[in-house]
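Novice: Got data-v1.csv for you, CSV, C-alpha atoms:
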```csv
chain,number,residue,atom,x,y,z
A,27,MET,CA,-2.6,11.3,-6.4
A,28,ARG,CA,-5.5,8.8,-6.6
A,29,THR,CA,-3.6,6.6,-9.0
A,30,THR,CA,-0.6,6.5,-6.7
A,31,ALA,CA,-2.8,5.5,-3.7
A,32,ILE,CA,-4.4,2.7,-5.7
A,33,GLY,CA,-1.0,1.4,-6.8
A,34,ALA,CA,0.3,1.4,-3.2
A,35,ALA,CA,-2.9,-0.2,-1.9
A,36,THR,CA,-3.0,-3.1,-4.3
A,37,GLY,CA,0.8,-3.8,-4.5
A,38,SER,CA,2.4,-6.3,-6.7
A,39,VAL,CA,3.6,-9.5,-5.0
A,40,ALA,CA,4.8,-11.5,-8.0
A,41,GLY,CA,8.5,-10.9,-7.2
A,42,VAL,CA,8.1,-11.8,-3.6
A,43,LEU,CA,6.3,-15.0,-4.5
A,44,ARG,CA,8.9,-15.9,-7.0
A,45,SER,CA,11.7,-15.4,-4.6
A,46,GLU,CA,10.0,-17.5,-2.0
A,47,ARG,CA,9.5,-20.3,-4.4
A,48,VAL,CA,13.2,-20.2,-5.3
A,49,VAL,CA,14.1,-20.4,-1.6
A,50,LEU,CA,11.7,-23.3,-1.2
A,51,ARG,CA,13.3,-25.1,-4.2
A,52,ALA,CA,16.7,-24.6,-2.6
A,53,TYR,CA,15.4,-25.9,0.7
A,54,VAL,CA,13.9,-29.1,-0.9
A,55,LEU,CA,17.0,-29.8,-2.9
A,56,PHE,CA,19.4,-29.4,0.0
A,57,ARG,CA,17.2,-31.6,2.1
A,58,LEU,CA,17.1,-34.3,-0.6
A,59,GLY,CA,20.8,-34.0,-0.9
A,60,GLY,CA,21.1,-34.7,2.8
A,61,LEU,CA,18.9,-37.8,2.4
A,62,LEU,CA,21.2,-39.0,-0.4
A,63,GLN,CA,24.1,-38.8,2.1
A,64,VAL,CA,22.0,-41.0,4.4
A,65,VAL,CA,21.5,-43.6,1.7
A,66,ILE,CA,25.1,-43.7,0.8
A,67,GLY,CA,26.2,-44.1,4.4
A,68,ALA,CA,23.6,-46.6,5.3
A,69,VAL,CA,24.2,-48.8,2.2
A,70,THR,CA,28.0,-48.8,2.3
A,71,THR,CA,28.6,-49.1,6.1
A,72,PHE,CA,25.5,-50.9,7.5
A,73,PRO,CA,27.7,-53.7,9.2
A,74,HIS,CA,29.1,-51.1,11.6
A,75,TYR,CA,25.7,-50.3,13.3
A,76,ARG,CA,24.8,-52.0,16.6
A,77,PRO,CA,22.2,-53.3,16.4
A,78,LEU,CA,21.3,-53.1,12.7
A,79,GLY,CA,17.6,-52.7,13.3
A,80,ALA,CA,18.2,-49.6,15.3
A,81,GLY,CA,20.2,-48.1,12.5
A,82,VAL,CA,17.4,-48.8,10.0
A,83,ALA,CA,14.9,-47.2,12.4
A,84,LEU,CA,17.0,-44.1,12.7
A,85,CYS,CA,17.2,-43.9,8.9
A,86,ALA,CA,13.4,-44.2,8.8
A,87,VAL,CA,13.0,-41.3,11.3
A,88,VAL,CA,15.3,-39.1,9.3
A,89,PHE,CA,13.4,-39.8,6.0
A,90,GLY,CA,10.0,-39.5,7.6
A,91,GLU,CA,10.7,-36.1,9.2
A,92,SER,CA,12.4,-34.8,6.1
A,93,PHE,CA,9.6,-35.8,3.8
A,94,ALA,CA,7.0,-34.3,6.2
A,95,LEU,CA,8.9,-30.9,6.1
A,96,ILE,CA,9.1,-31.1,2.3
A,97,ALA,CA,5.4,-31.9,2.0
A,98,VAL,CA,4.4,-29.0,4.2
A,99,GLY,CA,6.6,-26.6,2.2
A,100,LEU,CA,5.3,-27.8,-1.2
A,101,ARG,CA,1.7,-27.5,0.1
A,102,LEU,CA,2.3,-23.9,1.3
A,103,ARG,CA,4.4,-23.1,-1.7
A,104,ARG,CA,7.0,-21.6,0.6
A,105,VAL,CA,9.5,-22.8,3.2
A,106,PRO,CA,8.0,-24.7,6.2
A,107,PRO,CA,6.9,-22.6,9.2
A,108,ARG,CA,9.6,-21.5,11.6
A,109,ALA,CA,8.1,-23.5,14.5
A,110,LEU,CA,8.5,-26.7,12.5
A,111,VAL,CA,12.0,-25.8,11.5
A,112,ALA,CA,12.9,-25.1,15.2
A,113,VAL,CA,11.6,-28.5,16.1
A,114,ASP,CA,13.7,-29.9,13.2
A,115,ALA,CA,16.8,-28.4,14.8
A,116,ALA,CA,16.1,-30.2,18.0
A,117,VAL,CA,15.3,-33.5,16.2
A,118,MET,CA,18.6,-33.1,14.3
A,119,ALA,CA,20.6,-32.7,17.5
A,120,GLY,CA,18.9,-35.8,18.9
A,121,VAL,CA,19.6,-37.8,15.7
A,122,LEU,CA,23.3,-36.9,16.0
A,123,VAL,CA,23.5,-38.2,19.5
A,124,VAL,CA,21.5,-41.4,18.8
A,125,GLY,CA,23.5,-41.9,15.6
A,126,GLY,CA,26.8,-41.7,17.5
A,127,GLY,CA,25.6,-44.2,20.0
A,128,LEU,CA,24.7,-46.7,17.2
A,129,THR,CA,28.0,-46.4,15.4
A,130,ASP,CA,31.0,-48.5,16.3
A,131,ARG,CA,33.6,-46.3,18.0
A,132,ALA,CA,36.3,-47.5,15.6
A,133,HIS,CA,34.3,-46.3,12.6
A,134,GLY,CA,33.0,-43.1,14.0
A,135,HIS,CA,35.0,-41.0,11.6
A,136,THR,CA,33.7,-42.8,8.4
A,137,TRP,CA,30.4,-42.9,6.5
A,138,ALA,CA,29.1,-45.1,9.3
A,139,TYR,CA,28.2,-41.9,11.1
A,140,PHE,CA,25.9,-40.9,8.3
A,141,VAL,CA,23.9,-38.3,10.3
A,142,TYR,CA,26.8,-35.9,10.2
A,143,PRO,CA,26.9,-35.2,6.4
A,144,PHE,CA,23.1,-35.3,6.4
A,145,SER,CA,22.8,-32.7,9.2
A,146,LEU,CA,25.4,-30.4,7.6
A,147,LEU,CA,23.2,-30.1,4.4
A,148,ALA,CA,20.0,-30.0,6.4
A,149,SER,CA,21.3,-27.1,8.5
A,150,ILE,CA,21.2,-24.9,5.4
A,151,GLY,CA,17.4,-24.8,5.9
A,152,PHE,CA,17.8,-22.7,9.0
A,153,GLY,CA,19.2,-19.9,7.0
A,154,LEU,CA,16.6,-20.3,4.3
A,155,VAL,CA,13.7,-20.1,6.7
A,156,PHE,CA,14.6,-17.6,9.4
A,157,THR,CA,15.1,-13.9,8.6
A,158,ARG,CA,17.1,-12.9,11.7
A,159,LEU,CA,20.8,-14.0,11.7
A,160,VAL,CA,20.8,-14.4,15.5
A,161,SER,CA,18.0,-17.0,15.2
A,162,VAL,CA,19.8,-18.8,12.4
A,163,PHE,CA,23.0,-19.1,14.5
A,164,ALA,CA,21.0,-20.1,17.6
A,165,LEU,CA,19.4,-23.0,15.7
A,166,ALA,CA,22.6,-24.1,13.9
A,167,ALA,CA,24.3,-24.2,17.3
A,168,LEU,CA,22.1,-27.1,18.5
A,169,PRO,CA,23.3,-29.7,16.0
A,170,ALA,CA,26.8,-28.2,16.1
A,171,ALA,CA,27.0,-28.7,19.9
A,172,ALA,CA,25.4,-32.2,19.6
A,173,TYR,CA,27.9,-33.2,17.1
A,174,ALA,CA,30.9,-31.9,19.1
A,175,VAL,CA,29.8,-33.6,22.3
A,176,THR,CA,28.9,-36.9,20.6
A,177,ALA,CA,32.2,-37.0,18.6
A,178,VAL,CA,34.3,-36.4,21.6
A,179,ALA,CA,32.3,-38.4,24.3
A,180,GLN,CA,31.1,-41.4,22.2
A,181,LEU,CA,33.3,-41.7,19.2
A,182,GLY,CA,36.6,-40.7,20.8
A,183,GLU,CA,37.4,-37.8,18.4
A,184,PRO,CA,40.0,-35.3,19.7
A,185,VAL,CA,38.5,-32.0,20.7
A,186,TRP,CA,40.9,-30.1,18.4
A,187,ASN,CA,39.3,-32.0,15.5
A,188,ALA,CA,35.7,-32.2,16.7
A,189,VAL,CA,35.2,-28.4,17.3
A,190,PRO,CA,36.4,-27.3,13.8
A,191,ASN,CA,34.1,-30.0,12.3
A,192,SER,CA,31.1,-28.4,14.1
A,193,VAL,CA,31.8,-24.9,12.6
A,194,PRO,CA,30.4,-25.8,9.1
A,195,TYR,CA,26.9,-25.9,10.7
A,196,LEU,CA,27.1,-22.2,11.5
A,197,VAL,CA,28.8,-21.4,8.2
A,198,ASN,CA,26.3,-23.3,6.0
A,199,ALA,CA,23.3,-21.7,7.8
A,200,GLY,CA,24.9,-18.2,7.7
A,201,VAL,CA,25.6,-18.3,4.0
A,202,ALA,CA,22.1,-19.6,3.2
A,203,TRP,CA,20.7,-16.8,5.3
A,204,ALA,CA,22.7,-14.2,3.3
A,205,VAL,CA,21.6,-15.7,-0.1
A,206,ALA,CA,18.0,-16.0,0.9
A,207,ARG,CA,18.0,-12.4,2.2
A,208,ALA,CA,19.4,-11.2,-1.1
A,209,LEU,CA,16.7,-13.2,-3.0
A,210,ARG,CA,13.9,-11.8,-0.9
A,211,ARG,CA,15.2,-8.3,-1.2
A,212,THR,CA,15.4,-8.6,-4.9
A,213,GLY,CA,11.8,-9.9,-5.0
A,214,ARG,CA,10.6,-6.9,-3.0
A,215,GLU,CA,12.5,-4.5,-5.2
A,216,LEU,CA,11.1,-6.1,-8.3
A,217,ASP,CA,7.5,-5.6,-6.9
A,218,ILE,CA,8.2,-2.0,-6.0
A,219,ALA,CA,9.6,-1.4,-9.5
A,220,THR,CA,6.5,-3.1,-11.0
A,221,ASP,CA,4.2,-0.9,-8.9
A,222,THR,CA,6.1,2.2,-9.8
A,223,ALA,CA,5.9,1.3,-13.5
A,224,MET,CA,2.2,0.6,-13.3
A,225,VAL,CA,1.6,3.9,-11.5
A,226,LYS,CA,3.6,5.8,-14.2
A,227,GLU,CA,1.8,3.9,-16.9
A,228,ALA,CA,-1.6,4.9,-15.4
A,229,GLU,CA,-0.5,8.5,-15.0
A,230,LEU,CA,0.7,8.6,-18.6
A,231,ALA,CA,-2.6,7.1,-19.8
A,232,ALA,CA,-4.5,9.7,-17.7
A,233,GLU,CA,-2.3,12.5,-19.1
A,234,ARG,CA,-2.9,11.3,-22.7
A,235,GLU,CA,-6.7,11.2,-21.9
A,236,ARG,CA,-6.5,14.8,-20.5
A,237,VAL,CA,-4.6,16.0,-23.6
A,238,ARG,CA,-7.3,14.4,-25.8
A,239,HIS,CA,-10.1,16.0,-23.9
A,240,ALA,CA,-8.2,19.3,-23.9
A,241,ARG,CA,-7.9,19.2,-27.6
A,242,LEU,CA,-11.6,18.5,-28.0
A,243,LEU,CA,-12.4,21.4,-25.6
A,244,HIS,CA,-10.0,23.7,-27.5
A,245,ASP,CA,-11.4,22.8,-30.9
A,246,ARG,CA,-15.1,23.1,-29.9
A,247,VAL,CA,-16.1,24.8,-26.6
A,248,LEU,CA,-13.1,27.2,-26.1
A,249,GLN,CA,-13.2,28.6,-29.6
A,250,THR,CA,-16.9,29.2,-29.2
A,251,LEU,CA,-16.5,31.0,-25.8
A,252,GLU,CA,-13.7,33.1,-27.0
A,253,THR,CA,-15.7,34.1,-30.1
A,254,LEU,CA,-18.6,35.1,-27.9
A,255,ALA,CA,-16.2,37.0,-25.6
A,256,ARG,CA,-14.7,39.0,-28.5
A,257,GLU,CA,-17.8,39.7,-30.5
A,258,PRO,CA,-20.6,42.1,-29.4
A,259,TRP,CA,-23.3,39.4,-29.8
A,260,ILE,CA,-24.0,39.3,-26.0
A,261,THR,CA,-25.4,42.7,-25.0
A,262,ASP,CA,-25.7,42.1,-21.3
A,263,PRO,CA,-22.4,43.4,-19.8
A,264,GLY,CA,-22.5,41.0,-16.8
A,265,LEU,CA,-23.1,38.0,-18.9
A,266,HIS,CA,-20.5,39.1,-21.4
A,267,ALA,CA,-17.9,39.5,-18.6
A,268,HIS,CA,-18.9,36.0,-17.3
A,269,VAL,CA,-18.4,34.4,-20.7
A,270,ARG,CA,-15.0,36.1,-21.0
A,271,ALA,CA,-13.9,34.9,-17.5
A,272,GLU,CA,-15.1,31.4,-18.4
A,273,ALA,CA,-13.1,31.5,-21.6
A,274,VAL,CA,-9.9,32.5,-19.7
A,275,TRP,CA,-10.5,29.7,-17.1
A,276,LEU,CA,-11.1,27.1,-19.8
A,277,ARG,CA,-7.9,28.1,-21.7
A,278,GLY,CA,-5.9,27.7,-18.5
A,279,PHE,CA,-7.5,24.3,-18.0
A,280,VAL,CA,-6.6,23.3,-21.6
A,281,ARG,CA,-3.0,24.3,-20.9
A,282,GLY,CA,-2.9,22.1,-17.9
A,283,GLU,CA,-3.0,24.9,-15.3
A,284,ARG,CA,-4.6,24.1,-11.9
A,285,PRO,CA,-8.0,25.8,-11.6
A,286,VAL,CA,-8.0,28.5,-8.9
A,287,THR,CA,-11.0,28.2,-6.7
A,288,GLY,CA,-10.0,30.6,-3.9
A,289,ASN,CA,-6.4,29.8,-3.2
A,290,GLY,CA,-7.4,27.3,-0.6
A,291,ASP,CA,-9.4,29.9,1.4
A,292,LEU,CA,-12.9,28.6,1.7
A,293,ALA,CA,-14.5,31.9,2.6
A,294,SER,CA,-12.8,33.8,-0.2
A,295,GLY,CA,-13.6,31.0,-2.6
A,296,LEU,CA,-17.3,31.1,-1.8
A,297,ALA,CA,-17.4,34.9,-2.1
A,298,GLY,CA,-15.7,34.7,-5.5
A,299,LEU,CA,-18.2,32.0,-6.5
A,300,ALA,CA,-21.1,34.3,-5.6
A,301,GLU,CA,-19.6,37.0,-7.8
A,302,ASP,CA,-19.4,34.5,-10.7
A,303,MET,CA,-23.0,33.5,-10.3
A,304,ALA,CA,-24.1,37.1,-10.1
A,305,ARG,CA,-22.8,37.6,-13.7
A,306,ILE,CA,-25.4,35.1,-15.0
A,307,GLY,CA,-28.2,36.7,-12.9
A,308,GLN,CA,-28.2,34.5,-9.8
A,309,THR,CA,-28.3,36.2,-6.4
A,310,VAL,CA,-26.3,34.2,-3.8
A,311,GLU,CA,-26.2,35.2,-0.1
A,312,VAL,CA,-23.0,33.9,1.4
A,313,HIS,CA,-22.6,33.7,5.2
A,314,THR,CA,-19.1,32.9,6.4
A,315,ALA,CA,-18.7,35.0,9.5
A,316,GLN,CA,-18.8,32.0,11.8
A,317,LEU,CA,-16.3,30.2,9.6
A,318,ARG,CA,-13.8,33.1,9.6
A,319,SER,CA,-14.1,33.5,13.4
A,320,ALA,CA,-13.8,29.8,14.1
A,321,SER,CA,-10.9,29.5,11.7
A,322,GLU,CA,-8.9,32.2,13.5
A,323,ARG,CA,-9.2,30.5,16.9
A,324,ALA,CA,-9.9,26.8,16.3
A,325,ALA,CA,-8.9,25.0,13.1
A,326,THR,CA,-7.8,25.5,9.5
A,327,VAL,CA,-9.5,24.1,6.4
A,328,PRO,CA,-7.0,22.3,4.2
A,329,GLU,CA,-6.6,23.7,0.8
A,330,GLU,CA,-7.8,20.6,-1.0
A,331,VAL,CA,-10.9,20.5,1.2
A,332,ALA,CA,-11.7,24.2,0.5
A,333,ASP,CA,-11.2,23.8,-3.2
A,334,ALA,CA,-13.4,20.7,-3.3
A,335,LEU,CA,-16.2,22.4,-1.3
A,336,VAL,CA,-16.1,25.5,-3.5
A,337,GLU,CA,-16.4,23.4,-6.7
A,338,ALA,CA,-19.1,21.2,-5.2
A,339,THR,CA,-21.0,24.4,-4.2
A,340,ARG,CA,-20.6,25.8,-7.7
A,341,GLU,CA,-22.2,22.6,-9.1
A,342,ALA,CA,-25.1,22.9,-6.6
A,343,LEU,CA,-25.7,26.5,-7.5
A,344,THR,CA,-25.6,25.6,-11.2
A,345,ASN,CA,-28.2,23.0,-10.5
A,346,VAL,CA,-30.4,25.7,-8.9
A,347,VAL,CA,-30.2,27.8,-12.0
A,348,LYS,CA,-31.0,24.9,-14.3
A,349,HIS,CA,-33.8,23.1,-12.4
A,350,ALA,CA,-35.0,25.0,-9.3
A,351,GLY,CA,-36.8,27.8,-11.1
A,352,THR,CA,-35.4,30.5,-8.8
A,353,ALA,CA,-32.6,33.0,-9.1
A,354,ARG,CA,-31.9,33.1,-5.3
A,355,ALA,CA,-29.9,30.8,-3.1
A,356,VAL,CA,-28.3,31.0,0.4
A,357,VAL,CA,-24.8,29.5,1.1
A,358,ARG,CA,-23.6,29.1,4.6
A,359,ALA,CA,-20.2,27.9,5.8
A,360,GLU,CA,-19.2,27.1,9.3
A,361,LEU,CA,-17.1,24.9,11.6
A,362,VAL,CA,-19.1,22.4,13.6
A,363,GLY,CA,-17.5,19.9,16.0
A,364,GLY,CA,-14.2,19.5,14.2
A,365,ALA,CA,-15.8,19.5,10.8
A,366,VAL,CA,-16.4,22.1,8.1
A,367,MET,CA,-19.9,22.3,6.8
A,368,VAL,CA,-21.2,24.1,3.7
A,369,SER,CA,-24.9,24.3,3.0
A,370,VAL,CA,-26.9,25.5,-0.1
A,371,LEU,CA,-30.5,26.4,0.4
A,372,ASP,CA,-33.0,27.5,-2.3
A,373,ASN,CA,-36.8,28.0,-2.3
A,374,GLY,CA,-37.3,26.6,-5.8
A,375,THR,CA,-39.4,23.8,-7.1
A,376,GLY,CA,-37.7,21.0,-5.2
A,377,PHE,CA,-37.7,17.4,-6.2
A,378,ASP,CA,-37.8,13.9,-4.8
A,379,PRO,CA,-34.2,12.9,-3.8
A,380,THR,CA,-35.0,9.2,-4.2
A,381,THR,CA,-35.4,9.8,-8.0
A,382,LEU,CA,-32.0,11.4,-8.3
A,383,PRO,CA,-30.4,9.5,-11.3
A,384,PRO,CA,-26.8,8.2,-10.8
A,385,GLY,CA,-24.2,10.3,-12.4
A,386,SER,CA,-26.3,13.5,-12.3
A,387,GLY,CA,-24.8,16.8,-11.2
A,388,LEU,CA,-25.8,16.4,-7.6
A,389,ASP,CA,-25.0,12.7,-7.4
A,390,GLY,CA,-21.8,12.9,-9.4
A,391,SER,CA,-20.1,16.3,-9.3
A,392,VAL,CA,-21.2,17.2,-5.8
A,393,ARG,CA,-21.1,13.9,-4.0
A,394,ASP,CA,-17.9,12.7,-5.8
A,395,ARG,CA,-16.0,15.9,-5.0
A,396,VAL,CA,-16.9,15.9,-1.3
A,397,ALA,CA,-16.3,12.2,-1.0
A,398,GLY,CA,-12.9,12.7,-2.6
A,399,VAL,CA,-11.8,14.7,0.5
A,400,GLY,CA,-13.4,12.3,3.0
A,401,GLY,CA,-16.8,14.1,3.4
A,402,ARG,CA,-20.4,13.3,2.8
A,403,VAL,CA,-23.4,15.0,1.3
A,404,THR,CA,-27.0,15.2,2.6
A,405,ILE,CA,-29.8,16.3,0.3
A,406,ASP,CA,-33.2,17.2,1.7
A,407,SER,CA,-35.8,18.3,-0.8
A,408,THR,CA,-39.6,18.0,-1.4
A,409,PRO,CA,-41.4,18.9,-4.6
A,410,GLY,CA,-42.6,22.5,-4.3
A,411,ALA,CA,-40.7,23.2,-1.1
A,412,GLY,CA,-37.2,23.9,-2.2
A,413,THR,CA,-33.9,22.1,-1.6
A,414,TYR,CA,-31.3,22.0,1.1
A,415,ILE,CA,-27.9,20.5,0.4
A,416,GLU,CA,-25.4,20.0,3.2
A,417,MET,CA,-21.8,19.1,2.6
A,418,ARG,CA,-19.7,18.1,5.7
A,419,VAL,CA,-16.0,17.2,5.9
A,420,PRO,CA,-14.7,16.0,9.3
A,421,GLY,CA,-11.2,15.8,10.7
A,422,LEU,CA,-10.0,19.4,10.5
A,423,LYS,CA,-6.5,20.1,11.8
A,424,PRO,CA,-6.3,22.3,15.0
A,425,ARG,CA,-4.7,25.6,14.3
A,426,ASP,CA,-1.3,26.2,15.8
A,427,PRO,CA,-1.5,29.1,18.3
A,428,SER,CA,0.2,32.3,17.1
A,429,PRO,CA,3.0,33.8,19.1
A,430,LEU,CA,0.7,36.6,20.2
A,431,SER,CA,-1.9,34.1,21.5
A,432,LYS,CA,0.7,32.1,23.2
A,433,GLU,CA,1.9,35.2,25.0
A,434,ARG,CA,-1.7,36.0,26.0
A,435,GLU,CA,-2.2,32.5,27.4
A,436,ALA,CA,1.1,32.6,29.3
A,437,GLY,CA,0.1,36.0,30.8
A,438,SER,CA,-3.3,34.7,31.8
```
The structure given in the file should be rewritten as structure tokens.
Specialist:
Amino acid sequence: MRTTAIGAATGSVAGVLRSERVVLRAYVLFRLGGLLQVVIGAVTTFPHYRPLGAGVALCAVVFGESFALIAVGLRLRRVPPRALVAVDAAVMAGVLVVGGGLTDRAHGHTWAYFVYPFSLLASIGFGLVFTRLVSVFALAALPAAAYAVTAVAQLGEPVWNAVPNSVPYLVNAGVAWAVARALRRTGRELDIATDTAMVKEAELAAERERVRHARLLHDRVLQTLETLAREPWITDPGLHAHVRAEAVWLRGFVRGERPVTGNGDLASGLAGLAEDMARIGQTVEVHTAQLRSASERAATVPEEVADALVEATREALTNVVKHAGTARAVVRAELVGGAVMVSVLDNGTGFDPTTLPPGSGLDGSVRDRVAGVGGRVTIDSTPGAGTYIEMRVPGLKPRDPSPLSKEREAGS
């Protein structure tokens, strides 16, 4: 689960970036193609502009704006921002109107009206930039309408010819939108596939590592425990039973079975833990009355939280046996303000918490387990005065009222 969360959080973006660069490349090429149309028209038909200087100025505007858009896209490594492209649509419509006014009426249907082929190619950019088809058509309609009006009103083109000639604006932009959408979808799918492959690779590596560790445990620790459990070398019945139980647990772990720590029931898990510790001579008082009462009427402790707290408590009690110099400890579990709290108290030798080495049992096994379910651990200890460990996990889910309690509430 942790590996999956990490994969989803980081997320690959190589496919998305690659598709955006392909779309940018198409945008630049089509824009340059439109400028080529301007060059051809201006060079071959310049005598038909009135005046000539105005035609040259219009060409300069078209080139200047186009190069500005291309420069922005290359700097961003993606198509220009939508706001700039929306402005470009308005400029394109204006250029069509001005271009029609500068062209001799008799030559309005020739290359002299160079802004028409330019704008047809440039309108492809609307479909490459905008992701909503409605927006694409709305922008393409600006130059389409400007062309139709200019062709009819200024250049004398028949309506039945001008209107069909304006349709390619919408077609070009729509086809470009469909192609760009497919490219972007492919990029996202590629990134999802990459993330999935990385997660599976990480899970496979973790499984290989688990198998390697399991083999080591089987060849060394498990065989030793099972030998001790079979042979009469351990004379203490309680300790012998504990070793046998640990051997069974370890064999299940080696086989890949999920360790059972109380079936998700925190109170039962702590009670079972106390029995386990009793087999090795440790007396553990467990107080869960408040937890059971509050759980019945207030909230439930999720299974993963209960299991993590039981195992963290086991490590804390093991630490008492190893270092505290006492065979007694008190464990208390309760629900406090929407959080579950488990505490371990002993009257042993104590220690200075500031000297706790990183990776030790308390710092690693206890804190890591509790942090893994969103909780925190507080350690209060003084040399010669015992140790108090508090584990708190917030955010419990409210318990759904039972049918019987609902009936009681309705009756009241």
Novice: Once you count all atoms listed in the file, what closest atom pair and distance in Å to one decimal does each residue of range 95-156 of chain A within 12 Å of range 76-85 of chain A have, with rows by chain and rising residue number, as a Markdown table?
Specialist:
```
| residue | atom | partner | partner_atom | distance |
| --- | --- | --- | --- | --- |
| A:Val117 | CA | A:Leu84 | CA | 11.3 |
| A:Met118 | CA | A:Leu84 | CA | 11.2 |
| A:Gly120 | CA | A:Leu84 | CA | 10.5 |
| A:Val121 | CA | A:Leu84 | CA | 7.4 |
| A:Leu122 | CA | A:Leu84 | CA | 10.1 |
| A:Val123 | CA | A:Leu84 | CA | 11.1 |
| A:Val124 | CA | A:Leu84 | CA | 8.0 |
| A:Gly125 | CA | A:Leu84 | CA | 7.4 |
| A:Gly126 | CA | A:Gly81 | CA | 10.5 |
| A:Gly127 | CA | A:Arg76 | CA | 8.5 |
| A:Leu128 | CA | A:Arg76 | CA | 5.3 |
| A:Thr129 | CA | A:Arg76 | CA | 6.6 |
| A:Asp130 | CA | A:Arg76 | CA | 7.1 |
| A:Arg131 | CA | A:Arg76 | CA | 10.6 |
| A:His133 | CA | A:Arg76 | CA | 11.8 |
| A:Ala138 | CA | A:Gly81 | CA | 9.9 |
| A:Tyr139 | CA | A:Gly81 | CA | 10.2 |
| A:Phe140 | CA | A:Cys85 | CA | 9.2 |
| A:Val141 | CA | A:Cys85 | CA | 8.8 |
| A:Phe144 | CA | A:Cys85 | CA | 10.7 |
```
Novice: Name the residues in contact with Leu62 in chain A at a cut-off of 12 Å, using only C-alpha atoms, excluding same-chain residues fewer than 3 positions from it; report them as a list in words.
Specialist: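 The neighbour list is Leu55, Phe56, Arg57, Leu58, Gly59, Val65, Ile66, Gly67, Ala68, Val69, Cys85, Val88, Phe89, Ser92, Phe140, Val141, Pro143, Phe144, Ser145, Leu147 and Ala148 of chain A.
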Novice: So the first atom is CA of Gln316 in chain A and the second is CA of Glu360 in chain A; what is the distance between them in Å, to one decimal place?
Specialist: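 We find that CA of Gln316 in chain A and CA of Glu360 in chain A lie 5.5 Å from each other.
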Novice: Nearest residue to Ala164 in chain A out of A:Leu43, A:Val49, A:Val113, A:Leu196, using all atoms listed in the file?
Specialist: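 The closest residue to Ala164 in chain A is A:Leu196.
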Novice: Out of A:Leu159, A:Val310, A:Met303, A:Leu50, which residue has the shortest atom-to-atom distance to Leu102 in chain A when counting all atoms listed in the file?
Specialist: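 With all atoms listed in the file as the atom set, the closest residue is A:Leu50.
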Novice: My list of candidates is A:Ala223, A:Val175, A:Leu154, A:Ala166. Which is closest to Val197 in chain A when distances are computed with all atoms listed in the file?
Specialist: A:Ala166
Novice: Using all atoms listed in the file, what residues lie at most 12 Å away from (-24.1, 22.7, -8.9) (file coordinates), given as a PDB file with C-alpha atoms, in the coordinates of the input?
Specialist:
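Once everything was written out, this is point_24.pdb:
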```pdb
ATOM      1  CA  LEU A 299     -18.200  32.000  -6.500  1.00  0.00           C
ATOM      2  CA  MET A 303     -23.000  33.500 -10.300  1.00  0.00           C
ATOM      3  CA  LEU A 335     -16.200  22.400  -1.300  1.00  0.00           C
ATOM      4  CA  VAL A 336     -16.100  25.500  -3.500  1.00  0.00           C
ATOM      5  CA  GLU A 337     -16.400  23.400  -6.700  1.00  0.00           C
ATOM      6  CA  ALA A 338     -19.100  21.200  -5.200  1.00  0.00           C
ATOM      7  CA  THR A 339     -21.000  24.400  -4.200  1.00  0.00           C
ATOM      8  CA  ARG A 340     -20.600  25.800  -7.700  1.00  0.00           C
ATOM      9  CA  GLU A 341     -22.200  22.600  -9.100  1.00  0.00           C
ATOM     10  CA  ALA A 342     -25.100  22.900  -6.600  1.00  0.00           C
ATOM     11  CA  LEU A 343     -25.700  26.500  -7.500  1.00  0.00           C
ATOM     12  CA  THR A 344     -25.600  25.600 -11.200  1.00  0.00           C
ATOM     13  CA  ASN A 345     -28.200  23.000 -10.500  1.00  0.00           C
ATOM     14  CA  VAL A 346     -30.400  25.700  -8.900  1.00  0.00           C
ATOM     15  CA  VAL A 347     -30.200  27.800 -12.000  1.00  0.00           C
ATOM     16  CA  LYS A 348     -31.000  24.900 -14.300  1.00  0.00           C
ATOM     17  CA  HIS A 349     -33.800  23.100 -12.400  1.00  0.00           C
ATOM     18  CA  ALA A 350     -35.000  25.000  -9.300  1.00  0.00           C
ATOM     19  CA  ALA A 355     -29.900  30.800  -3.100  1.00  0.00           C
ATOM     20  CA  VAL A 370     -26.900  25.500  -0.100  1.00  0.00           C
ATOM     21  CA  LEU A 371     -30.500  26.400   0.400  1.00  0.00           C
ATOM     22  CA  SER A 386     -26.300  13.500 -12.300  1.00  0.00           C
ATOM     23  CA  GLY A 387     -24.800  16.800 -11.200  1.00  0.00           C
ATOM     24  CA  LEU A 388     -25.800  16.400  -7.600  1.00  0.00           C
ATOM     25  CA  ASP A 389     -25.000  12.700  -7.400  1.00  0.00           C
ATOM     26  CA  GLY A 390     -21.800  12.900  -9.400  1.00  0.00           C
ATOM     27  CA  SER A 391     -20.100  16.300  -9.300  1.00  0.00           C
ATOM     28  CA  VAL A 392     -21.200  17.200  -5.800  1.00  0.00           C
ATOM     29  CA  ARG A 393     -21.100  13.900  -4.000  1.00  0.00           C
ATOM     30  CA  ARG A 395     -16.000  15.900  -5.000  1.00  0.00           C
ATOM     31  CA  ILE A 415     -27.900  20.500   0.400  1.00  0.00           C
TER      32      ILE A 415
END
```
Novice: Return the single residue from A:Ala202, A:Leu110, A:Ala119, A:Ala97 that is closest to Ala174 in chain A, with distances computed using all atoms listed in the file.
Specialist: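 Smallest distance to Ala174 in chain A is found for A:Ala119.
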Novice: Residues near His244 in chain A, anyone? I mean within 10 Å using all atoms listed in the file, not counting same-chain ones fewer than 6 positions away, as an MDAnalysis selection string.
Specialist: chainID A and resid 238 250:251 276:277 279:281
Novice: Measure the distance from CA of Val362 in chain A to CA of Ala297 in chain A in Å and round it to one decimal.
Specialist: 20.1 Å
